[in-house]
file target37.pdb (PDB, C-alpha atoms)
MODEL        1
ATOM      1  CA  MET A   1       2.922 -28.721  17.225  1.00  0.00           C
ATOM      2  CA  THR A   2       6.378 -30.103  16.549  1.00  0.00           C
ATOM      3  CA  THR A   3       9.563 -28.179  17.035  1.00  0.00           C
ATOM      4  CA  ARG A   4      10.325 -28.894  13.396  1.00  0.00           C
ATOM      5  CA  LEU A   5       7.365 -26.831  12.206  1.00  0.00           C
ATOM      6  CA  GLU A   6       8.290 -23.990  14.500  1.00  0.00           C
ATOM      7  CA  GLU A   7      11.858 -24.123  13.220  1.00  0.00           C
ATOM      8  CA  VAL A   8      10.611 -23.708   9.647  1.00  0.00           C
ATOM      9  CA  LEU A   9       8.425 -20.768  10.649  1.00  0.00           C
ATOM     10  CA  ALA A  10      11.382 -19.202  12.468  1.00  0.00           C
ATOM     11  CA  ALA A  11      13.629 -19.656   9.431  1.00  0.00           C
ATOM     12  CA  VAL A  12      11.112 -17.900   7.177  1.00  0.00           C
ATOM     13  CA  ARG A  13      10.558 -15.123   9.712  1.00  0.00           C
ATOM     14  CA  ALA A  14      14.317 -14.603  10.025  1.00  0.00           C
ATOM     15  CA  ARG A  15      14.480 -13.802   6.322  1.00  0.00           C
ATOM     16  CA  ILE A  16      11.261 -11.749   6.052  1.00  0.00           C
ATOM     17  CA  ASP A  17      10.014 -10.522   9.404  1.00  0.00           C
ATOM     18  CA  HIS A  18       6.431  -9.857   8.280  1.00  0.00           C
ATOM     19  CA  LEU A  19       5.978 -13.460   7.090  1.00  0.00           C
ATOM     20  CA  GLN A  20       4.740 -14.739  10.404  1.00  0.00           C
ATOM     21  CA  ALA A  21       2.346 -17.467  11.453  1.00  0.00           C
ATOM     22  CA  SER A  22       1.389 -19.195  14.676  1.00  0.00           C
ATOM     23  CA  CYS A  23       0.651 -22.830  15.439  1.00  0.00           C
ATOM     24  CA  GLY A  24      -2.418 -24.549  16.820  1.00  0.00           C
ATOM     25  CA  ASP A  25      -5.994 -23.463  17.317  1.00  0.00           C
ATOM     26  CA  PRO A  26      -6.693 -19.719  17.562  1.00  0.00           C
ATOM     27  CA  PRO A  27      -7.004 -18.269  21.062  1.00  0.00           C
ATOM     28  CA  GLN A  28     -10.607 -17.868  22.141  1.00  0.00           C
ATOM     29  CA  THR A  29      -9.842 -14.352  23.390  1.00  0.00           C
ATOM     30  CA  GLU A  30      -9.229 -13.079  19.833  1.00  0.00           C
ATOM     31  CA  THR A  31     -12.142 -12.363  17.513  1.00  0.00           C
ATOM     32  CA  GLY A  32     -12.229 -12.649  13.752  1.00  0.00           C
ATOM     33  CA  TRP A  33     -10.643 -16.076  13.401  1.00  0.00           C
ATOM     34  CA  HIS A  34     -12.054 -18.533  10.850  1.00  0.00           C
ATOM     35  CA  ALA A  35     -11.107 -22.100  10.094  1.00  0.00           C
ATOM     36  CA  CYS A  36     -10.300 -21.771   6.410  1.00  0.00           C
ATOM     37  CA  ASP A  37     -12.261 -24.876   5.459  1.00  0.00           C
ATOM     38  CA  ASP A  38     -15.339 -23.408   7.170  1.00  0.00           C
ATOM     39  CA  ILE A  39     -15.448 -19.971   5.502  1.00  0.00           C
ATOM     40  CA  ASP A  40     -18.586 -19.464   3.419  1.00  0.00           C
ATOM     41  CA  PRO A  41     -19.954 -16.699   1.165  1.00  0.00           C
ATOM     42  CA  GLU A  42     -21.862 -15.167   4.084  1.00  0.00           C
ATOM     43  CA  ASP A  43     -18.629 -14.781   6.077  1.00  0.00           C
ATOM     44  CA  LEU A  44     -16.946 -13.164   3.111  1.00  0.00           C
ATOM     45  CA  ALA A  45     -19.897 -10.872   2.410  1.00  0.00           C
ATOM     46  CA  ALA A  46     -19.621  -9.556   5.972  1.00  0.00           C
ATOM     47  CA  ALA A  47     -15.877  -9.012   5.542  1.00  0.00           C
ATOM     48  CA  ILE A  48     -16.467  -7.200   2.246  1.00  0.00           C
ATOM     49  CA  ASP A  49     -19.051  -4.951   3.878  1.00  0.00           C
ATOM     50  CA  GLU A  50     -16.553  -4.107   6.603  1.00  0.00           C
ATOM     51  CA  GLY A  51     -13.788  -3.464   4.079  1.00  0.00           C
ATOM     52  CA  ALA A  52     -16.029  -1.232   1.997  1.00  0.00           C
ATOM     53  CA  SER A  53     -15.768   1.422   4.707  1.00  0.00           C
ATOM     54  CA  ASP A  54     -12.149   1.884   3.585  1.00  0.00           C
ATOM     55  CA  THR A  55     -12.959   1.860  -0.136  1.00  0.00           C
ATOM     56  CA  ALA A  56     -15.519   4.662  -0.284  1.00  0.00           C
ATOM     57  CA  GLY A  57     -18.316   2.101  -0.159  1.00  0.00           C
ATOM     58  CA  ASP A  58     -17.101   0.285  -3.293  1.00  0.00           C
ATOM     59  CA  ARG A  59     -17.798  -3.380  -2.534  1.00  0.00           C
ATOM     60  CA  THR A  60     -16.113  -4.579  -5.732  1.00  0.00           C
ATOM     61  CA  VAL A  61     -12.826  -2.965  -4.744  1.00  0.00           C
ATOM     62  CA  ALA A  62     -13.265  -4.255  -1.189  1.00  0.00           C
ATOM     63  CA  ALA A  63     -13.813  -7.796  -2.508  1.00  0.00           C
ATOM     64  CA  SER A  64     -10.773  -7.552  -4.756  1.00  0.00           C
ATOM     65  CA  LEU A  65      -8.524  -6.380  -1.926  1.00  0.00           C
ATOM     66  CA  LEU A  66      -9.890  -9.081   0.380  1.00  0.00           C
ATOM     67  CA  VAL A  67      -8.994 -11.757  -2.176  1.00  0.00           C
ATOM     68  CA  GLN A  68      -5.501 -10.327  -2.563  1.00  0.00           C
ATOM     69  CA  SER A  69      -4.818 -10.061   1.162  1.00  0.00           C
ATOM     70  CA  TYR A  70      -6.285 -13.499   1.877  1.00  0.00           C
ATOM     71  CA  ALA A  71      -4.224 -15.227  -0.810  1.00  0.00           C
ATOM     72  CA  TYR A  72      -1.043 -13.636   0.481  1.00  0.00           C
ATOM     73  CA  ARG A  73      -1.790 -14.362   4.110  1.00  0.00           C
ATOM     74  CA  VAL A  74      -2.662 -18.047   3.711  1.00  0.00           C
ATOM     75  CA  ALA A  75      -0.023 -18.996   1.124  1.00  0.00           C
ATOM     76  CA  ALA A  76       2.992 -16.700   1.496  1.00  0.00           C
ATOM     77  CA  VAL A  77       4.675 -18.381   4.474  1.00  0.00           C
ATOM     78  CA  SER A  78       4.445 -21.800   2.818  1.00  0.00           C
ATOM     79  CA  LEU A  79       5.608 -20.460  -0.551  1.00  0.00           C
ATOM     80  CA  ALA A  80       8.532 -18.686   1.099  1.00  0.00           C
ATOM     81  CA  ALA A  81       9.562 -21.931   2.812  1.00  0.00           C
ATOM     82  CA  PHE A  82       9.389 -23.740  -0.534  1.00  0.00           C
ATOM     83  CA  ALA A  83      11.371 -20.939  -2.200  1.00  0.00           C
ATOM     84  CA  LEU A  84      14.131 -21.391   0.380  1.00  0.00           C
ATOM     85  CA  GLY A  85      14.301 -25.140  -0.175  1.00  0.00           C
ATOM     86  CA  LEU A  86      12.715 -25.950   3.182  1.00  0.00           C
ATOM     87  CA  PRO A  87       9.902 -28.364   4.070  1.00  0.00           C
ATOM     88  CA  TRP A  88       6.721 -26.303   3.863  1.00  0.00           C
ATOM     89  CA  PRO A  89       3.723 -26.040   6.198  1.00  0.00           C
ATOM     90  CA  SER A  90       0.548 -27.069   4.452  1.00  0.00           C
ATOM     91  CA  PRO A  91      -1.478 -24.086   3.165  1.00  0.00           C
ATOM     92  CA  ALA A  92      -4.507 -26.327   2.545  1.00  0.00           C
ATOM     93  CA  ALA A  93      -7.810 -25.005   3.878  1.00  0.00           C
ATOM     94  CA  GLU A  94      -8.206 -27.834   6.382  1.00  0.00           C
ATOM     95  CA  ALA A  95      -4.743 -27.082   7.798  1.00  0.00           C
ATOM     96  CA  THR A  96      -5.090 -23.328   8.334  1.00  0.00           C
ATOM     97  CA  SER A  97      -7.035 -20.626  10.161  1.00  0.00           C
ATOM     98  CA  VAL A  98      -7.060 -16.950   9.229  1.00  0.00           C
ATOM     99  CA  ARG A  99      -8.004 -13.835  11.134  1.00  0.00           C
ATOM    100  CA  VAL A 100     -10.048 -11.300   9.170  1.00  0.00           C
ATOM    101  CA  SER A 101     -10.443  -7.706  10.318  1.00  0.00           C
ATOM    102  CA  ARG A 102     -11.521  -4.524   8.490  1.00  0.00           C
ATOM    103  CA  GLY A 103     -11.969  -6.444   5.287  1.00  0.00           C
ATOM    104  CA  ARG A 104      -8.460  -7.921   5.138  1.00  0.00           C
ATOM    105  CA  ALA A 105      -6.804 -11.151   6.192  1.00  0.00           C
ATOM    106  CA  ARG A 106      -4.496 -10.136   9.054  1.00  0.00           C
ATOM    107  CA  ALA A 107      -3.013 -13.267  10.637  1.00  0.00           C
ATOM    108  CA  LEU A 108      -2.476 -16.976   9.999  1.00  0.00           C
ATOM    109  CA  ARG A 109      -2.318 -20.076  12.145  1.00  0.00           C
ATOM    110  CA  PHE A 110      -1.337 -23.550  10.995  1.00  0.00           C
ATOM    111  CA  ARG A 111      -3.621 -26.195  12.475  1.00  0.00           C
ATOM    112  CA  SER A 112      -1.553 -29.081  11.145  1.00  0.00           C
ATOM    113  CA  GLU A 113       2.012 -30.006  12.061  1.00  0.00           C
ATOM    114  CA  ALA A 114       2.495 -31.719   8.688  1.00  0.00           C
ATOM    115  CA  LEU A 115       5.316 -30.493   6.475  1.00  0.00           C
ATOM    116  CA  GLY A 116       5.508 -31.093   2.747  1.00  0.00           C
ATOM    117  CA  GLU A 117       8.669 -32.328   1.060  1.00  0.00           C
ATOM    118  CA  ALA A 118      11.011 -29.497   0.130  1.00  0.00           C
ATOM    119  CA  GLU A 119      11.149 -30.503  -3.549  1.00  0.00           C
ATOM    120  CA  ASP A 120       7.437 -31.224  -3.996  1.00  0.00           C
ATOM    121  CA  ALA A 121       6.330 -28.330  -6.220  1.00  0.00           C
ATOM    122  CA  ARG A 122       3.214 -30.191  -7.325  1.00  0.00           C
ATOM    123  CA  GLY A 123       2.247 -30.903  -3.734  1.00  0.00           C
ATOM    124  CA  ILE A 124       2.457 -27.312  -2.559  1.00  0.00           C
ATOM    125  CA  ALA A 125       0.555 -26.124  -5.635  1.00  0.00           C
ATOM    126  CA  GLU A 126      -2.217 -28.620  -4.930  1.00  0.00           C
ATOM    127  CA  ALA A 127      -2.350 -27.669  -1.247  1.00  0.00           C
ATOM    128  CA  ALA A 128      -2.406 -23.921  -1.885  1.00  0.00           C
ATOM    129  CA  PHE A 129      -4.691 -23.846  -4.901  1.00  0.00           C
ATOM    130  CA  THR A 130      -6.694 -27.057  -5.401  1.00  0.00           C
ATOM    131  CA  SER A 131      -7.238 -27.568  -1.672  1.00  0.00           C
ATOM    132  CA  HIS A 132      -7.742 -23.937  -0.693  1.00  0.00           C
ATOM    133  CA  LEU A 133      -7.743 -20.944  -3.014  1.00  0.00           C
ATOM    134  CA  VAL A 134      -9.908 -22.467  -5.750  1.00  0.00           C
ATOM    135  CA  GLY A 135     -12.741 -22.816  -3.243  1.00  0.00           C
ATOM    136  CA  PHE A 136     -12.023 -19.449  -1.673  1.00  0.00           C
ATOM    137  CA  VAL A 137     -12.131 -17.603  -5.001  1.00  0.00           C
ATOM    138  CA  SER A 138     -15.440 -19.282  -5.801  1.00  0.00           C
ATOM    139  CA  ALA A 139     -16.889 -18.263  -2.422  1.00  0.00           C
ATOM    140  CA  ALA A 140     -15.617 -14.684  -2.797  1.00  0.00           C
ATOM    141  CA  ARG A 141     -17.191 -14.369  -6.244  1.00  0.00           C
ATOM    142  CA  ALA A 142     -20.438 -15.691  -4.809  1.00  0.00           C
ATOM    143  CA  SER A 143     -20.294 -12.917  -2.207  1.00  0.00           C
ATOM    144  CA  GLN A 144     -19.694 -10.055  -4.621  1.00  0.00           C
ATOM    145  CA  ARG A 145     -19.613  -9.810  -8.383  1.00  0.00           C
ATOM    146  CA  LEU A 146     -15.944 -10.013  -9.311  1.00  0.00           C
ATOM    147  CA  GLY A 147     -14.262 -11.072 -12.529  1.00  0.00           C
ATOM    148  CA  GLU A 148     -12.603 -14.474 -12.365  1.00  0.00           C
ATOM    149  CA  ARG A 149      -9.543 -13.220 -14.252  1.00  0.00           C
ATOM    150  CA  LEU A 150      -9.182 -10.319 -11.823  1.00  0.00           C
ATOM    151  CA  ALA A 151      -9.492 -12.615  -8.800  1.00  0.00           C
ATOM    152  CA  TRP A 152      -6.830 -15.016 -10.061  1.00  0.00           C
ATOM    153  CA  ALA A 153      -4.562 -12.127 -11.050  1.00  0.00           C
ATOM    154  CA  ASN A 154      -4.755 -11.077  -7.392  1.00  0.00           C
ATOM    155  CA  VAL A 155      -3.857 -14.592  -6.255  1.00  0.00           C
ATOM    156  CA  ALA A 156      -0.970 -14.695  -8.724  1.00  0.00           C
ATOM    157  CA  ALA A 157       0.387 -11.320  -7.605  1.00  0.00           C
ATOM    158  CA  SER A 158       0.216 -12.420  -3.967  1.00  0.00           C
ATOM    159  CA  SER A 159       2.025 -15.667  -4.766  1.00  0.00           C
ATOM    160  CA  ALA A 160       4.688 -13.784  -6.720  1.00  0.00           C
ATOM    161  CA  ALA A 161       5.110 -11.365  -3.816  1.00  0.00           C
ATOM    162  CA  ALA A 162       6.105 -14.227  -1.512  1.00  0.00           C
ATOM    163  CA  PHE A 163       8.850 -15.360  -3.880  1.00  0.00           C
ATOM    164  CA  ARG A 164       9.975 -11.782  -4.506  1.00  0.00           C
ATOM    165  CA  ALA A 165      10.270 -11.136  -0.783  1.00  0.00           C
ATOM    166  CA  VAL A 166      12.761 -13.937  -0.200  1.00  0.00           C
ATOM    167  CA  GLU A 167      14.554 -13.225  -3.485  1.00  0.00           C
ATOM    168  CA  GLY A 168      14.935  -9.596  -2.396  1.00  0.00           C
ATOM    169  CA  SER A 169      16.388 -10.744   0.913  1.00  0.00           C
ATOM    170  CA  ALA A 170      18.988 -12.807  -0.935  1.00  0.00           C
ATOM    171  CA  ARG A 171      19.741  -9.832  -3.194  1.00  0.00           C
ATOM    172  CA  ASP A 172      20.316  -7.616  -0.165  1.00  0.00           C
ATOM    173  CA  ARG A 173      22.849 -10.137   1.152  1.00  0.00           C
ATOM    174  CA  GLY A 174      24.546 -10.413  -2.225  1.00  0.00           C
ATOM    175  CA  ASP A 175      23.697 -14.131  -2.460  1.00  0.00           C
ATOM    176  CA  THR A 176      23.457 -14.600  -6.230  1.00  0.00           C
ATOM    177  CA  ALA A 177      23.236 -18.393  -6.028  1.00  0.00           C
ATOM    178  CA  GLU A 178      20.230 -18.266  -3.710  1.00  0.00           C
ATOM    179  CA  ARG A 179      18.528 -15.634  -5.878  1.00  0.00           C
ATOM    180  CA  LEU A 180      18.803 -17.935  -8.884  1.00  0.00           C
ATOM    181  CA  MET A 181      17.530 -20.902  -6.853  1.00  0.00           C
ATOM    182  CA  ILE A 182      14.485 -18.939  -5.705  1.00  0.00           C
ATOM    183  CA  ARG A 183      13.687 -17.857  -9.258  1.00  0.00           C
ATOM    184  CA  ARG A 184      13.930 -21.438 -10.476  1.00  0.00           C
ATOM    185  CA  ARG A 185      11.666 -22.652  -7.697  1.00  0.00           C
ATOM    186  CA  ALA A 186       9.113 -19.956  -8.538  1.00  0.00           C
ATOM    187  CA  ASP A 187       9.074 -21.224 -12.128  1.00  0.00           C
ATOM    188  CA  ARG A 188       8.544 -24.773 -10.848  1.00  0.00           C
ATOM    189  CA  LEU A 189       5.568 -23.660  -8.757  1.00  0.00           C
ATOM    190  CA  LEU A 190       4.006 -21.787 -11.686  1.00  0.00           C
ATOM    191  CA  ALA A 191       4.394 -24.847 -13.903  1.00  0.00           C
ATOM    192  CA  HIS A 192       2.038 -26.709 -11.538  1.00  0.00           C
ATOM    193  CA  ALA A 193      -0.466 -23.852 -11.151  1.00  0.00           C
ATOM    194  CA  PRO A 194      -2.654 -23.659 -14.264  1.00  0.00           C
ATOM    195  CA  TRP A 195      -5.059 -21.333 -12.423  1.00  0.00           C
ATOM    196  CA  LEU A 196      -2.396 -18.611 -12.667  1.00  0.00           C
ATOM    197  CA  SER A 197      -1.818 -19.014 -16.400  1.00  0.00           C
ATOM    198  CA  GLY A 198      -2.281 -15.706 -18.224  1.00  0.00           C
ATOM    199  CA  THR A 199      -2.489 -13.666 -15.023  1.00  0.00           C
ATOM    200  CA  GLY A 200       0.967 -12.111 -15.299  1.00  0.00           C
ATOM    201  CA  GLY A 201       4.642 -12.923 -15.326  1.00  0.00           C
ATOM    202  CA  PHE A 202       8.049 -12.098 -13.902  1.00  0.00           C
ATOM    203  CA  ASP A 203      10.191  -9.517 -15.679  1.00  0.00           C
ATOM    204  CA  THR A 204      13.471 -11.349 -16.121  1.00  0.00           C
ATOM    205  CA  ASP A 205      15.188  -8.519 -18.006  1.00  0.00           C
ATOM    206  CA  GLY A 206      15.823  -6.261 -15.007  1.00  0.00           C
ATOM    207  CA  ASP A 207      17.486  -6.864 -11.663  1.00  0.00           C
ATOM    208  CA  ASP A 208      14.269  -6.260  -9.697  1.00  0.00           C
ATOM    209  CA  TRP A 209      12.519  -9.417 -10.983  1.00  0.00           C
ATOM    210  CA  SER A 210       9.239  -7.525 -10.841  1.00  0.00           C
ATOM    211  CA  TRP A 211       5.832  -9.117 -11.430  1.00  0.00           C
ATOM    212  CA  GLN A 212       3.731  -7.655 -14.241  1.00  0.00           C
ATOM    213  CA  ARG A 213       0.017  -8.169 -13.707  1.00  0.00           C
ATOM    214  CA  ALA A 214      -2.356  -8.945 -16.558  1.00  0.00           C
ATOM    215  CA  ALA A 215      -5.434  -7.537 -14.766  1.00  0.00           C
ATOM    216  CA  CYS A 216      -5.814  -4.587 -12.410  1.00  0.00           C
ATOM    217  CA  CYS A 217      -6.892  -5.124  -8.785  1.00  0.00           C
ATOM    218  CA  LEU A 218      -9.054  -1.922  -8.980  1.00  0.00           C
ATOM    219  CA  TRP A 219      -7.348  -0.234  -6.011  1.00  0.00           C
ATOM    220  CA  TYR A 220      -6.860   2.891  -8.151  1.00  0.00           C
ATOM    221  CA  ARG A 221     -10.613   3.524  -7.970  1.00  0.00           C
ATOM    222  CA  THR A 222     -10.377   4.441  -4.290  1.00  0.00           C
ATOM    223  CA  SER A 223      -6.740   5.598  -4.064  1.00  0.00           C
ATOM    224  CA  GLY A 224      -7.010   8.881  -5.885  1.00  0.00           C
ATOM    225  CA  GLY A 225      -5.808   7.257  -9.090  1.00  0.00           C
ATOM    226  CA  ARG A 226      -2.615   5.752  -7.664  1.00  0.00           C
ATOM    227  CA  THR A 227      -1.687   2.328  -9.000  1.00  0.00           C
ATOM    228  CA  CYS A 228       0.349  -0.568  -7.640  1.00  0.00           C
ATOM    229  CA  GLU A 229       3.762  -1.680  -8.818  1.00  0.00           C
ATOM    230  CA  GLY A 230       3.308  -3.895 -11.870  1.00  0.00           C
ATOM    231  CA  CYS A 231      -0.265  -2.705 -12.473  1.00  0.00           C
ATOM    232  CA  SER A 232      -1.680  -3.716 -15.847  1.00  0.00           C
ATOM    233  CA  LEU A 233      -2.942  -0.151 -16.305  1.00  0.00           C
ATOM    234  CA  ARG A 234       0.639   1.139 -16.408  1.00  0.00           C
ATOM    235  CA  ARG A 235       1.511  -1.291 -19.176  1.00  0.00           C
ATOM    236  CA  GLU A 236      -1.594  -0.328 -21.142  1.00  0.00           C
ATOM    237  CA  ALA A 237      -0.681   3.352 -20.830  1.00  0.00           C
ATOM    238  CA  HIS A 238       2.655   2.708 -22.536  1.00  0.00           C
ATOM    239  CA  THR A 239       1.414   0.502 -25.367  1.00  0.00           C
TER     240      THR A 239
ENDMDL
END
call {"tool": "encode", "arguments": {"input": "target37.pdb", "output": "C-alpha cells"}}
result
Amino acid sequence: MTTRLEEVLAAVRARIDHLQASCGDPPQTETGWHACDDIDPEDLAAAIDEGASDTAGDRTVAASLLVQSYAYRVAAVSLAAFALGLPWPSPAAEATSVRVSRGRARALRFRSEALGEAEDARGIAEAAFTSHLVGFVSAARASQRLGERLAWANVAASSAAAFRAVEGSARDRGDTAERLMIRRRADRLLAHAPWLSGTGGFDTDGDDWSWQRAACCLWYRTSGGRTCEGCSLRREAHT
C-alpha cells in the first residue's frame, strides 16, 4: 500500500479516532474477515444468527443492526475523507474487507491503494452504493425478511453519521468555515445517492445538524423501549 493512502487514513483518524482502517489483506490469524465482494446471504444469515443472541432472539432486529453497522464500517472512513476534501479510499466491495463478529461489522481493511479524486462526489457515491451497498442490502434482505425502506434508512443514517462526526470535530475546534464545507459536501454526496432519497434528512435549523430518520431501525424492540437520536418514532410521537 502507498504512503499516500496511509496518510489519508491517518488524517481521518486524527480527526475522529474511531474511524480507523487498515491496509492490505487481513491477517490469517484473525477470524471473521470477509472479502466484501465475496459475502453471500449464507454468510449474512450466520452473522444474523450470532447477533440475535444480543437481541433477545429477534432476527429482524439483528439483521437491521447488522445492516447499519456494516454500512457505517465500510463507508464511513471514505465518506469522512471526502467530507474533509481529501482523496478518498475506495469503499467499493472489490476494494474492501470487513471483519464481522457478534452480528456486527467490527473492522475494515482496504485491499486497494487507489484513491478517488477529492471533488468526485459522483464517484464516491457509485463506489459506496452502486458497487457495494446495493448488493449488500439485497443479500441481507435475502438472509432475513427486512423492509427495503428500513434497510436504506439504516444506510442513510450511517452515511450521515460519518459526515456528522467530522462536522462535530470542526465545531469543537470552532472552525465555522470547515463546518460549512462539510455540510456542502454532504449535500453533494446525497445529490448523487438516489437510494437514500426519502430515508431522512439533516436538520439545518439547529446547531447540532442532526439527522432525522424516516424509518426506525427497530432497536427499541430489544432495548427496553429506548430509541436512537433522530428516531422516526420520536417524530411520530410529536405529530
call {"tool": "resolve_selection", "arguments": {"input": "target37.pdb", "expression": "the PyMOL selection byres ((chain A and resi 5) around 12)", "output": "VMD selection string"}}
result
chain A and resid 1 to 4 6 to 12 21 to 24 77 to 78 81 86 to 90 109 to 116
call {"tool": "atom_distance", "arguments": {"input": "target37.pdb", "atom1": "CA of Asp43 in chain A", "atom2": "CA of Cys216 in chain A"}}
result
24.7 Å
call {"tool": "residues_near_point", "arguments": {"input": "target37.pdb", "point": "(-11.1, -9.4, -8.1)", "cutoff": "7 Å", "atoms": "only C-alpha atoms", "output": "CSV table (one decimal) with C-alpha atoms, in the frame of the given file"}}
result
chain,number,residue,atom,x,y,z
A,63,ALA,CA,-13.8,-7.8,-2.5
A,64,SER,CA,-10.8,-7.6,-4.8
A,67,VAL,CA,-9.0,-11.8,-2.2
A,146,LEU,CA,-15.9,-10.0,-9.3
A,147,GLY,CA,-14.3,-11.1,-12.5
A,148,GLU,CA,-12.6,-14.5,-12.4
A,150,LEU,CA,-9.2,-10.3,-11.8
A,151,ALA,CA,-9.5,-12.6,-8.8
A,154,ASN,CA,-4.8,-11.1,-7.4
A,217,CYS,CA,-6.9,-5.1,-8.8
call {"tool": "resolve_selection", "arguments": {"input": "target37.pdb", "expression": "the PyMOL selection byres ((chain A and resi 30) around 12)", "output": "MDAnalysis selection string"}}
result
chainID A and resid 25:29 31:34 98:101 107
call {"tool": "closest_residue", "arguments": {"input": "target37.pdb", "among": "A:Arg226, A:Arg122, A:Arg102, A:His18", "to": "Ala162 in chain A", "atoms": "all atoms listed in the file"}}
result
A:His18
call {"tool": "closest_residue", "arguments": {"input": "target37.pdb", "among": "A:Gln20, A:Ser169, A:Thr60, A:Ser131", "to": "Ala83 in chain A", "atoms": "only C-alpha atoms"}}
result
A:Ser169
call {"tool": "atom_distance", "arguments": {"input": "target37.pdb", "atom1": "CA of Leu189 in chain A", "atom2": "CA of Trp219 in chain A"}}
result
26.9 Å
call {"tool": "residues_around", "arguments": {"input": "target37.pdb", "residues": "Ala35 in chain A", "least_positions_apart": "6", "cutoff": "8 Å", "atoms": "only C-alpha atoms", "output": "ChimeraX atom specification"}}
result
/A:93-94,96-98
call {"tool": "closest_residue", "arguments": {"input": "target37.pdb", "among": "A:Glu42, A:Ala52, A:Ala80, A:Gly224", "to": "Ile182 in chain A", "atoms": "all atoms listed in the file"}}
result
A:Ala80
call {"tool": "atom_distance", "arguments": {"input": "target37.pdb", "atom1": "CA of Gly200 in chain A", "atom2": "CA of Gly135 in chain A"}}
result
21.2 Å
